[in-house]
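Visitor: Can you read through this structure? Questions will come right after.
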Amino acid sequence: MAKHTFSATERYAVFTVHGGRCYMCRDIVDMATFQVDHVIPESLADSPAQLEAAKEQLGRPARYELNSYENWLPACVRCNNLKWDRVWDPSLLVQLWLQRAADRAAKARAHAKETIHRVAVTKALNLLERAVAADRLTAKQKQCLEPLVENYSHWRSDDSDPQVVRLTPTYEAPLLEVLSDNESIRVVRGPYGVGGGPSPNRQQSAAPPCSCGSYFFNGARCVVCGQLDAD
């Protein structure tokens, strides 16, 4: 069976909804070079009996698809190379990984569908691919990637880094730009405008943050993810 070739949209969806972290070691990965791992190896498609045995052992339904968001998770290059086509022994940890993929599969599909229809984000993905291939990102290219960062901030999972999105191994795009801080109130610019919130040393005693982890609001709207506090 031919190996699945991941589209930029599929990779972006997996990266975003799973927090930009390797599912095995939990290290932060970057959007350009991370790898999408098949938790149940894609190679088992050529061994139907072994595939059915693996699905049964891991509690997956008979119609479980190897090439689906239920079986795709982000991995760093090191972990994915070490794992290769290993079939995990049944364990609570493996069940947790598979459940995490299943829980976020619908969100990943919705994210991918929206990305395909959002021209600015699709262009930004293509720009990132070209820039990485050329091993450089100019200031103008970084500016053109802003729709990608804005879209990421809206869809990212709760376990994402709340400050930056790592686009390449050497380039992190800030989700928040600090405009002022008097050690009590910090004013920041985020993907959804300028807003204020408590300085870091006062956040523990402040009102609960947005569900995305941000403390910074413009009125009732979070400046990181755009969500209204009443949503």
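Chains: A, B, ... in order of the structure tokens. Residues: from 1 per chain. Ligands: from 1, in order shown.
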Pull the closest atom pair for each residue of stretch 65-94 of chain A that gets at most 6 Å from stretch 31-50 of chain A, along with the distance in Å to one decimal, counting only C-alpha atoms, ordering rows by chain and then ascending residue number, as a Markdown table.
Guide:
| residue | atom | partner | partner_atom | distance |
| --- | --- | --- | --- | --- |
| A:Asn71 | CA | A:His38 | CA | 5.5 |
| A:Trp72 | CA | A:His38 | CA | 5.0 |
| A:Leu73 | CA | A:Asp37 | CA | 5.4 |
| A:Pro74 | CA | A:Val36 | CA | 4.8 |
| A:Ala75 | CA | A:Gln35 | CA | 5.3 |
| A:Cys76 | CA | A:Phe34 | CA | 5.3 |
| A:Asp85 | CA | A:Pro41 | CA | 5.3 |
Visitor: I'd like the neighbourhood of stretch 181-187 of chain A as a count of residues only, where a residue qualifies if any of its atoms comes within 12 Å (using only C-alpha atoms), though same-chain residues fewer than 5 positions away should be ignored.
Guide: 19
Visitor: Could you pull out the alpha helix (DSSP H) residues of stretch 135-204 of chain A from DSSP and send them as a PDB file with N, CA and C atoms, in the first residue's frame?
Guide:
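To be explicit, this is the file written out as result_29.pdb:
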ATOM      1  N   ALA A 139      11.586  39.466   6.313  1.00  0.00           N
ATOM      2  CA  ALA A 139      10.645  40.242   7.118  1.00  0.00           C
ATOM      3  C   ALA A 139       9.280  40.304   6.439  1.00  0.00           C
ATOM      4  N   LYS A 140       9.276  40.447   5.115  1.00  0.00           N
ATOM      5  CA  LYS A 140       8.012  40.503   4.383  1.00  0.00           C
ATOM      6  C   LYS A 140       7.284  39.168   4.469  1.00  0.00           C
ATOM      7  N   GLN A 141       8.018  38.065   4.383  1.00  0.00           N
ATOM      8  CA  GLN A 141       7.392  36.747   4.482  1.00  0.00           C
ATOM      9  C   GLN A 141       6.802  36.522   5.870  1.00  0.00           C
ATOM     10  N   LYS A 142       7.534  36.973   6.900  1.00  0.00           N
ATOM     11  CA  LYS A 142       7.007  36.844   8.258  1.00  0.00           C
ATOM     12  C   LYS A 142       5.700  37.610   8.408  1.00  0.00           C
ATOM     13  N   GLN A 143       5.621  38.780   7.785  1.00  0.00           N
ATOM     14  CA  GLN A 143       4.390  39.567   7.833  1.00  0.00           C
ATOM     15  C   GLN A 143       3.258  38.829   7.114  1.00  0.00           C
ATOM     16  N   CYS A 144       3.583  38.180   6.003  1.00  0.00           N
ATOM     17  CA  CYS A 144       2.570  37.445   5.249  1.00  0.00           C
ATOM     18  C   CYS A 144       2.061  36.220   6.004  1.00  0.00           C
ATOM     19  N   GLU A 146       1.147  36.213   9.059  1.00  0.00           N
ATOM     20  CA  GLU A 146       0.274  36.628  10.155  1.00  0.00           C
ATOM     21  C   GLU A 146      -1.097  35.944  10.123  1.00  0.00           C
ATOM     22  N   PRO A 147      -1.737  35.740   8.944  1.00  0.00           N
ATOM     23  CA  PRO A 147      -3.018  35.020   8.947  1.00  0.00           C
ATOM     24  C   PRO A 147      -2.892  33.605   9.499  1.00  0.00           C
ATOM     25  N   LEU A 148      -1.734  32.961   9.271  1.00  0.00           N
ATOM     26  CA  LEU A 148      -1.497  31.617   9.783  1.00  0.00           C
ATOM     27  C   LEU A 148      -1.457  31.639  11.302  1.00  0.00           C
ATOM     28  N   VAL A 149      -0.779  32.623  11.874  1.00  0.00           N
ATOM     29  CA  VAL A 149      -0.670  32.743  13.327  1.00  0.00           C
ATOM     30  C   VAL A 149      -2.026  33.075  13.939  1.00  0.00           C
ATOM     31  N   GLU A 150      -2.780  33.953  13.287  1.00  0.00           N
ATOM     32  CA  GLU A 150      -4.106  34.319  13.802  1.00  0.00           C
ATOM     33  C   GLU A 150      -5.031  33.113  13.807  1.00  0.00           C
ATOM     34  N   ASN A 151      -5.003  32.336  12.721  1.00  0.00           N
ATOM     35  CA  ASN A 151      -5.838  31.144  12.643  1.00  0.00           C
ATOM     36  C   ASN A 151      -5.427  30.126  13.698  1.00  0.00           C
ATOM     37  N   TYR A 152      -4.122  29.957  13.882  1.00  0.00           N
ATOM     38  CA  TYR A 152      -3.613  29.027  14.890  1.00  0.00           C
ATOM     39  C   TYR A 152      -4.088  29.422  16.284  1.00  0.00           C
ATOM     40  N   SER A 153      -4.054  30.711  16.594  1.00  0.00           N
ATOM     41  CA  SER A 153      -4.427  31.167  17.935  1.00  0.00           C
ATOM     42  C   SER A 153      -5.886  30.866  18.235  1.00  0.00           C
ATOM     43  N   HIS A 154      -6.724  30.819  17.179  1.00  0.00           N
ATOM     44  CA  HIS A 154      -8.141  30.543  17.376  1.00  0.00           C
ATOM     45  C   HIS A 154      -8.402  29.060  17.617  1.00  0.00           C
ATOM     46  N   TRP A 155      -7.644  28.192  16.951  1.00  0.00           N
ATOM     47  CA  TRP A 155      -7.911  26.754  16.986  1.00  0.00           C
ATOM     48  C   TRP A 155      -7.020  25.977  17.948  1.00  0.00           C
TER      49      TRP A 155
END
Visitor: Considering only C-alpha atoms, return as a PyMOL selection string whatever protein or nucleic-acid residues lie within 12 Å of A:Arg60, sequence-local ones (same chain, fewer than 4 positions apart) excluded.
Guide: chain A and resi 39-40+51-56+64-66+70-71+90+94-95+98-99+101-102
Visitor: Emit the selected residues as a PDB file, in the first residue's frame, including C-alpha atoms.
Guide:
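That gives us again20.pdb:
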ATOM      1  CA  VAL A  39      -0.215   5.640  16.296  1.00  0.00           C
ATOM      2  CA  ILE A  40      -1.237   2.289  14.828  1.00  0.00           C
ATOM      3  CA  LEU A  51      -4.071  -4.963  11.716  1.00  0.00           C
ATOM      4  CA  GLU A  52      -7.279  -6.515  13.019  1.00  0.00           C
ATOM      5  CA  ALA A  53      -5.384  -7.996  15.980  1.00  0.00           C
ATOM      6  CA  ALA A  54      -3.818  -4.621  16.801  1.00  0.00           C
ATOM      7  CA  LYS A  55      -7.175  -2.834  16.597  1.00  0.00           C
ATOM      8  CA  GLU A  56      -8.761  -5.413  18.872  1.00  0.00           C
ATOM      9  CA  TYR A  64     -11.105   2.303  12.423  1.00  0.00           C
ATOM     10  CA  GLU A  65      -9.119   4.025   9.652  1.00  0.00           C
ATOM     11  CA  LEU A  66      -5.335   4.124   9.782  1.00  0.00           C
ATOM     12  CA  GLU A  70      -8.208   9.410  15.014  1.00  0.00           C
ATOM     13  CA  ASN A  71      -4.833   7.800  14.275  1.00  0.00           C
ATOM     14  CA  PRO A  90      -1.696  -2.348  25.054  1.00  0.00           C
ATOM     15  CA  VAL A  94      -1.349   4.112  24.602  1.00  0.00           C
ATOM     16  CA  GLN A  95      -5.084   4.223  25.343  1.00  0.00           C
ATOM     17  CA  LEU A  98      -5.565   7.103  21.089  1.00  0.00           C
ATOM     18  CA  GLN A  99      -8.332   8.700  23.135  1.00  0.00           C
ATOM     19  CA  ALA A 101      -6.612  11.646  18.984  1.00  0.00           C
ATOM     20  CA  ALA A 102     -10.255  10.521  18.937  1.00  0.00           C
TER      21      ALA A 102
END
Visitor: Using only C-alpha atoms, which residue out of A:Leu96, A:Trp84, A:Leu167, A:Arg63 lies closest to A:Glu129?
Guide: A:Leu167
